[in-house]
Amino acid sequence: QVDLVESGGGLVQAGGSLRLSCAASGRTSSTDAMAWFRQAPGKERKFVAAIRWSGGTYYADSIKGRFTISGDNAKNTVSLQMNSLKPEDTAVYYCAAGSSWLGPFGSWGQGTQVTVSS
């Protein structure tokens with residue numbers, strides 16, 4: 001079991017930036033990938049970005065060029081730098097951990113709200 005705690009959400013105007021962070025604890029040795037997903041009101045949870053500790057980062061097309069995922073394997077932390085935010089980025093953002101960036105992700109954080117005003 002891996003426990004995940006997100007932080008860094010909030011309210012920002014369109015065009016602004018936010019940085020989300022996620023700290024993992026517990027049985028992190030079985031984790032090779034950490035990812036961010038988001039869920040807007042009334043919509044399904046969707047993949048945003050992932051990082052593999054063995055190498056590689058992956059992004060959804062909708063956020064390429066605006067968001068950057070980074071992480072520190074030794075500290076079991078992952079961050080999501082979000083720039084040029086748009087109102088459609090408004091969602092609850094979830095951190096996830098798993099053995100593969102392709103999923104399934106067995107561990108999830110509680111989520112952090114990101115609201116982008118127009």
# chains A, B, ... in the order shown; residues from 1 in each chain; ligands from 1

call {"tool": "select_by_dssp", "arguments": {"residues": "chain A", "states": "helix (DSSP H, G or I)", "output": "list in words"}}
result
Thr28, Ser29, Ser30, Asp61, Ser62, Ile63, Pro87, Glu88 and Asp89 of chain A

call {"tool": "residues_around", "arguments": {"residues": "range 102-115 of chain A", "least_positions_apart": "4", "cutoff": "6 Å", "atoms": "only C-alpha atoms", "output": "list of chain:residue names"}}
result
A:Val2, A:Leu4, A:Val5, A:Gly9, A:Gly10, A:Leu11, A:Thr90, A:Ala91, A:Val92, A:Tyr93, A:Tyr94, A:Cys95, A:Ala96, A:Ala97, A:Gly98

call {"tool": "write_last_selection", "arguments": {"atoms": "all heavy atoms", "output": "short mmCIF file (atom, residue, chain, number, x, y, z; two decimals), in the first residue's frame"}}
result
data_model
loop_
_atom_site.label_atom_id
_atom_site.label_comp_id
_atom_site.auth_asym_id
_atom_site.auth_seq_id
_atom_site.Cartn_x
_atom_site.Cartn_y
_atom_site.Cartn_z
N VAL A 2 0.57 2.14 -0.92
CA VAL A 2 1.27 3.41 -1.01
C VAL A 2 0.29 4.51 -0.66
O VAL A 2 -0.80 4.58 -1.21
CB VAL A 2 1.84 3.63 -2.43
CG1 VAL A 2 2.49 5.00 -2.52
CG2 VAL A 2 2.83 2.53 -2.79
N LEU A 4 -0.63 8.49 -0.65
CA LEU A 4 -0.31 9.67 -1.44
C LEU A 4 -1.02 10.89 -0.88
O LEU A 4 -2.21 10.82 -0.58
CB LEU A 4 -0.72 9.46 -2.90
CG LEU A 4 -0.11 8.25 -3.60
CD1 LEU A 4 -0.78 8.03 -4.96
CD2 LEU A 4 1.39 8.42 -3.78
N VAL A 5 -0.29 11.98 -0.77
CA VAL A 5 -0.87 13.23 -0.27
C VAL A 5 -0.53 14.34 -1.25
O VAL A 5 0.64 14.62 -1.50
CB VAL A 5 -0.34 13.57 1.12
CG1 VAL A 5 -0.93 14.90 1.59
CG2 VAL A 5 -0.68 12.46 2.11
N GLY A 9 -3.17 22.91 -4.79
CA GLY A 9 -4.30 23.38 -5.57
C GLY A 9 -4.74 24.76 -5.12
O GLY A 9 -4.23 25.32 -4.15
N GLY A 10 -5.69 25.32 -5.86
CA GLY A 10 -6.20 26.64 -5.49
C GLY A 10 -6.94 27.30 -6.62
O GLY A 10 -7.29 26.67 -7.62
N LEU A 11 -7.15 28.60 -6.46
CA LEU A 11 -7.86 29.41 -7.44
C LEU A 11 -6.87 30.31 -8.15
O LEU A 11 -6.05 30.98 -7.49
CB LEU A 11 -8.93 30.25 -6.74
CG LEU A 11 -9.67 31.29 -7.58
CD1 LEU A 11 -10.48 30.61 -8.67
CD2 LEU A 11 -10.55 32.14 -6.68
N THR A 90 -10.04 23.47 -14.98
CA THR A 90 -10.68 23.36 -13.68
C THR A 90 -11.11 21.92 -13.41
O THR A 90 -11.82 21.32 -14.22
CB THR A 90 -11.89 24.29 -13.60
OG1 THR A 90 -11.44 25.65 -13.68
CG2 THR A 90 -12.65 24.09 -12.29
N ALA A 91 -10.67 21.38 -12.29
CA ALA A 91 -10.96 19.99 -11.96
C ALA A 91 -10.35 19.67 -10.60
O ALA A 91 -9.57 20.45 -10.06
CB ALA A 91 -10.37 19.04 -13.01
N VAL A 92 -10.71 18.50 -10.10
CA VAL A 92 -9.99 17.94 -8.98
C VAL A 92 -8.84 17.11 -9.56
O VAL A 92 -9.07 16.27 -10.42
CB VAL A 92 -10.89 17.06 -8.10
CG1 VAL A 92 -10.07 16.43 -6.96
CG2 VAL A 92 -12.04 17.88 -7.53
N TYR A 93 -7.66 17.38 -9.09
CA TYR A 93 -6.47 16.70 -9.58
C TYR A 93 -6.04 15.63 -8.57
O TYR A 93 -5.92 15.92 -7.37
CB TYR A 93 -5.34 17.70 -9.82
CG TYR A 93 -5.53 18.50 -11.08
CD1 TYR A 93 -6.53 19.47 -11.16
CD2 TYR A 93 -4.73 18.29 -12.20
CE1 TYR A 93 -6.74 20.20 -12.33
CE2 TYR A 93 -4.92 19.01 -13.37
CZ TYR A 93 -5.93 19.96 -13.43
OH TYR A 93 -6.12 20.68 -14.58
N TYR A 94 -5.80 14.43 -9.10
CA TYR A 94 -5.44 13.30 -8.27
C TYR A 94 -4.05 12.80 -8.63
O TYR A 94 -3.70 12.66 -9.80
CB TYR A 94 -6.42 12.15 -8.46
CG TYR A 94 -7.83 12.45 -8.03
CD1 TYR A 94 -8.75 12.98 -8.92
CD2 TYR A 94 -8.24 12.18 -6.73
CE1 TYR A 94 -10.05 13.26 -8.53
CE2 TYR A 94 -9.54 12.45 -6.33
CZ TYR A 94 -10.43 12.98 -7.23
OH TYR A 94 -11.73 13.24 -6.83
N CYS A 95 -3.29 12.48 -7.61
CA CYS A 95 -2.00 11.83 -7.77
C CYS A 95 -2.23 10.32 -7.69
O CYS A 95 -3.08 9.85 -6.90
CB CYS A 95 -1.06 12.28 -6.66
SG CYS A 95 0.57 11.53 -6.65
N ALA A 96 -1.49 9.57 -8.50
CA ALA A 96 -1.63 8.12 -8.51
C ALA A 96 -0.27 7.46 -8.61
O ALA A 96 0.68 8.06 -9.16
CB ALA A 96 -2.51 7.68 -9.68
N ALA A 97 -0.18 6.25 -8.12
CA ALA A 97 1.07 5.49 -8.19
C ALA A 97 0.79 4.07 -8.61
O ALA A 97 -0.25 3.49 -8.24
CB ALA A 97 1.78 5.52 -6.83
N GLY A 98 1.73 3.49 -9.38
CA GLY A 98 1.55 2.13 -9.83
C GLY A 98 2.85 1.55 -10.34
O GLY A 98 3.88 2.21 -10.36
#

call {"tool": "select_by_dssp", "arguments": {"residues": "range 42-103 of chain A", "states": "strand (DSSP E)", "output": "ChimeraX atom specification"}}
result
/A:46-52,57-59,67-72,77-82,91-98

call {"tool": "atom_distance", "arguments": {"atom1": "CA of Glu88 in chain A", "atom2": "CA of Tyr59 in chain A"}}
result
16.5 Å

call {"tool": "closest_residue", "arguments": {"among": "A:Ala24, A:Val116, A:Ile63, A:Ala35", "to": "Thr77 in chain A", "atoms": "only C-alpha atoms"}}
result
A:Ala24

call {"tool": "closest_residue", "arguments": {"among": "A:Thr68, A:Gln1, A:Ser84, A:Ser79", "to": "Met34 in chain A", "atoms": "only C-alpha atoms"}}
result
A:Ser79

call {"tool": "closest_residue", "arguments": {"among": "A:Ser30, A:Gln39, A:Ser21, A:Ser117", "to": "Ser100 in chain A", "atoms": "only C-alpha atoms"}}
result
A:Ser30

call {"tool": "atom_distance", "arguments": {"atom1": "CA of Arg66 in chain A", "atom2": "CA of Met82 in chain A"}}
result
6.1 Å

call {"tool": "residues_around", "arguments": {"residues": "Val48 in chain A", "least_positions_apart": "3", "cutoff": "7 Å", "atoms": "only C-alpha atoms", "output": "list in words"}}
result
Trp36, Phe37, Arg38, Tyr59 and Ala60 of chain A

call {"tool": "closest_residue", "arguments": {"among": "A:Gln81, A:Gly42, A:Trp53, A:Asp89", "to": "Gly8 in chain A", "atoms": "only C-alpha atoms"}}
result
A:Gln81

call {"tool": "residues_around", "arguments": {"residues": "Ser70 in chain A", "least_positions_apart": "4", "cutoff": "8 Å", "atoms": "only C-alpha atoms", "output": "list in words"}}
result
Ile51, Val78, Ser79 and Leu80 of chain A

call {"tool": "closest_residue", "arguments": {"among": "A:Ser62, A:Ser99, A:Ser25, A:Asn73", "to": "Phe47 in chain A", "atoms": "only C-alpha atoms"}}
result
A:Ser62

call {"tool": "decode", "arguments": {"residues": "range 88-117 of chain A", "atoms": "N, CA, C and O atoms", "output": "CSV table (one decimal), in the first residue's frame"}}
result
chain,number,residue,atom,x,y,z
A,88,GLU,N,-10.9,25.5,-18.7
A,88,GLU,CA,-11.2,24.1,-18.9
A,88,GLU,C,-10.3,23.2,-18.1
A,88,GLU,O,-10.5,22.0,-18.1
A,89,ASP,N,-9.3,23.7,-17.5
A,89,ASP,CA,-8.4,23.0,-16.7
A,89,ASP,C,-8.9,22.8,-15.2
A,89,ASP,O,-8.4,22.1,-14.4
A,90,THR,N,-10.0,23.5,-15.0
A,90,THR,CA,-10.7,23.4,-13.7
A,90,THR,C,-11.1,21.9,-13.4
A,90,THR,O,-11.8,21.3,-14.2
A,91,ALA,N,-10.7,21.4,-12.3
A,91,ALA,CA,-11.0,20.0,-12.0
A,91,ALA,C,-10.4,19.7,-10.6
A,91,ALA,O,-9.6,20.5,-10.1
A,92,VAL,N,-10.7,18.5,-10.1
A,92,VAL,CA,-10.0,17.9,-9.0
A,92,VAL,C,-8.8,17.1,-9.6
A,92,VAL,O,-9.1,16.3,-10.4
A,93,TYR,N,-7.7,17.4,-9.1
A,93,TYR,CA,-6.5,16.7,-9.6
A,93,TYR,C,-6.0,15.6,-8.6
A,93,TYR,O,-5.9,15.9,-7.4
A,94,TYR,N,-5.8,14.4,-9.1
A,94,TYR,CA,-5.4,13.3,-8.3
A,94,TYR,C,-4.0,12.8,-8.6
A,94,TYR,O,-3.7,12.7,-9.8
A,95,CYS,N,-3.3,12.5,-7.6
A,95,CYS,CA,-2.0,11.8,-7.8
A,95,CYS,C,-2.2,10.3,-7.7
A,95,CYS,O,-3.1,9.9,-6.9
A,96,ALA,N,-1.5,9.6,-8.5
A,96,ALA,CA,-1.6,8.1,-8.5
A,96,ALA,C,-0.3,7.5,-8.6
A,96,ALA,O,0.7,8.1,-9.2
A,97,ALA,N,-0.2,6.2,-8.1
A,97,ALA,CA,1.1,5.5,-8.2
A,97,ALA,C,0.8,4.1,-8.6
A,97,ALA,O,-0.2,3.5,-8.2
A,98,GLY,N,1.7,3.5,-9.4
A,98,GLY,CA,1.6,2.1,-9.8
A,98,GLY,C,2.8,1.5,-10.3
A,98,GLY,O,3.9,2.2,-10.4
A,99,SER,N,2.8,0.3,-10.8
A,99,SER,CA,4.0,-0.4,-11.3
A,99,SER,C,4.2,-0.1,-12.8
A,99,SER,O,5.3,-0.4,-13.3
A,100,SER,N,3.3,0.5,-13.5
A,100,SER,CA,3.4,0.9,-14.9
A,100,SER,C,2.7,2.2,-15.2
A,100,SER,O,1.6,2.4,-14.7
A,101,TRP,N,3.2,3.0,-16.0
A,101,TRP,CA,2.6,4.3,-16.4
A,101,TRP,C,1.3,4.0,-17.2
A,101,TRP,O,0.5,4.8,-17.3
A,102,LEU,N,1.2,2.8,-17.7
A,102,LEU,CA,0.0,2.4,-18.5
A,102,LEU,C,-1.1,2.0,-17.6
A,102,LEU,O,-2.2,1.8,-18.1
A,103,GLY,N,-0.8,1.9,-16.3
A,103,GLY,CA,-1.9,1.5,-15.4
A,103,GLY,C,-1.9,0.0,-15.3
A,103,GLY,O,-1.2,-0.8,-15.9
A,104,PRO,N,-2.8,-0.5,-14.4
A,104,PRO,CA,-3.7,0.3,-13.5
A,104,PRO,C,-2.9,0.9,-12.4
A,104,PRO,O,-1.8,0.3,-12.0
A,105,PHE,N,-3.4,2.0,-11.8
A,105,PHE,CA,-2.8,2.6,-10.7
A,105,PHE,C,-3.5,2.2,-9.4
A,105,PHE,O,-4.7,2.4,-9.3
A,106,GLY,N,-2.7,1.5,-8.6
A,106,GLY,CA,-3.3,0.9,-7.4
A,106,GLY,C,-3.5,1.9,-6.2
A,106,GLY,O,-4.3,1.6,-5.3
A,107,SER,N,-2.8,3.0,-6.3
A,107,SER,CA,-2.8,3.9,-5.1
A,107,SER,C,-3.2,5.3,-5.6
A,107,SER,O,-2.7,5.8,-6.7
A,108,TRP,N,-4.1,6.0,-4.9
A,108,TRP,CA,-4.6,7.3,-5.2
A,108,TRP,C,-4.6,8.2,-4.1
A,108,TRP,O,-4.8,7.8,-2.9
A,109,GLY,N,-4.3,9.5,-4.3
A,109,GLY,CA,-4.4,10.5,-3.3
A,109,GLY,C,-5.9,11.0,-3.2
A,109,GLY,O,-6.8,10.5,-3.9
A,110,GLN,N,-6.1,11.9,-2.3
A,110,GLN,CA,-7.5,12.3,-1.9
A,110,GLN,C,-7.9,13.4,-2.9
A,110,GLN,O,-9.1,13.7,-3.0
A,111,GLY,N,-7.0,14.0,-3.7
A,111,GLY,CA,-7.4,15.0,-4.7
A,111,GLY,C,-7.2,16.4,-4.2
A,111,GLY,O,-7.3,16.6,-3.0
A,112,THR,N,-6.9,17.3,-5.1
A,112,THR,CA,-6.8,18.7,-4.7
A,112,THR,C,-7.5,19.5,-5.8
A,112,THR,O,-7.3,19.2,-7.0
A,113,GLN,N,-8.2,20.5,-5.4
A,113,GLN,CA,-9.1,21.3,-6.3
A,113,GLN,C,-8.2,22.4,-7.0
A,113,GLN,O,-7.5,23.1,-6.3
A,114,VAL,N,-8.4,22.4,-8.3
A,114,VAL,CA,-7.8,23.5,-9.1
A,114,VAL,C,-8.9,24.2,-9.8
A,114,VAL,O,-9.7,23.6,-10.5
A,115,THR,N,-9.1,25.5,-9.6
A,115,THR,CA,-10.1,26.3,-10.2
A,115,THR,C,-9.5,27.4,-11.0
A,115,THR,O,-8.7,28.2,-10.4
A,116,VAL,N,-9.8,27.5,-12.3
A,116,VAL,CA,-9.2,28.6,-13.1
A,116,VAL,C,-10.4,29.5,-13.5
A,116,VAL,O,-11.3,29.0,-14.2
A,117,SER,N,-10.3,30.7,-13.2
A,117,SER,CA,-11.4,31.7,-13.5
A,117,SER,C,-11.1,32.4,-14.8
A,117,SER,O,-9.9,32.6,-15.1
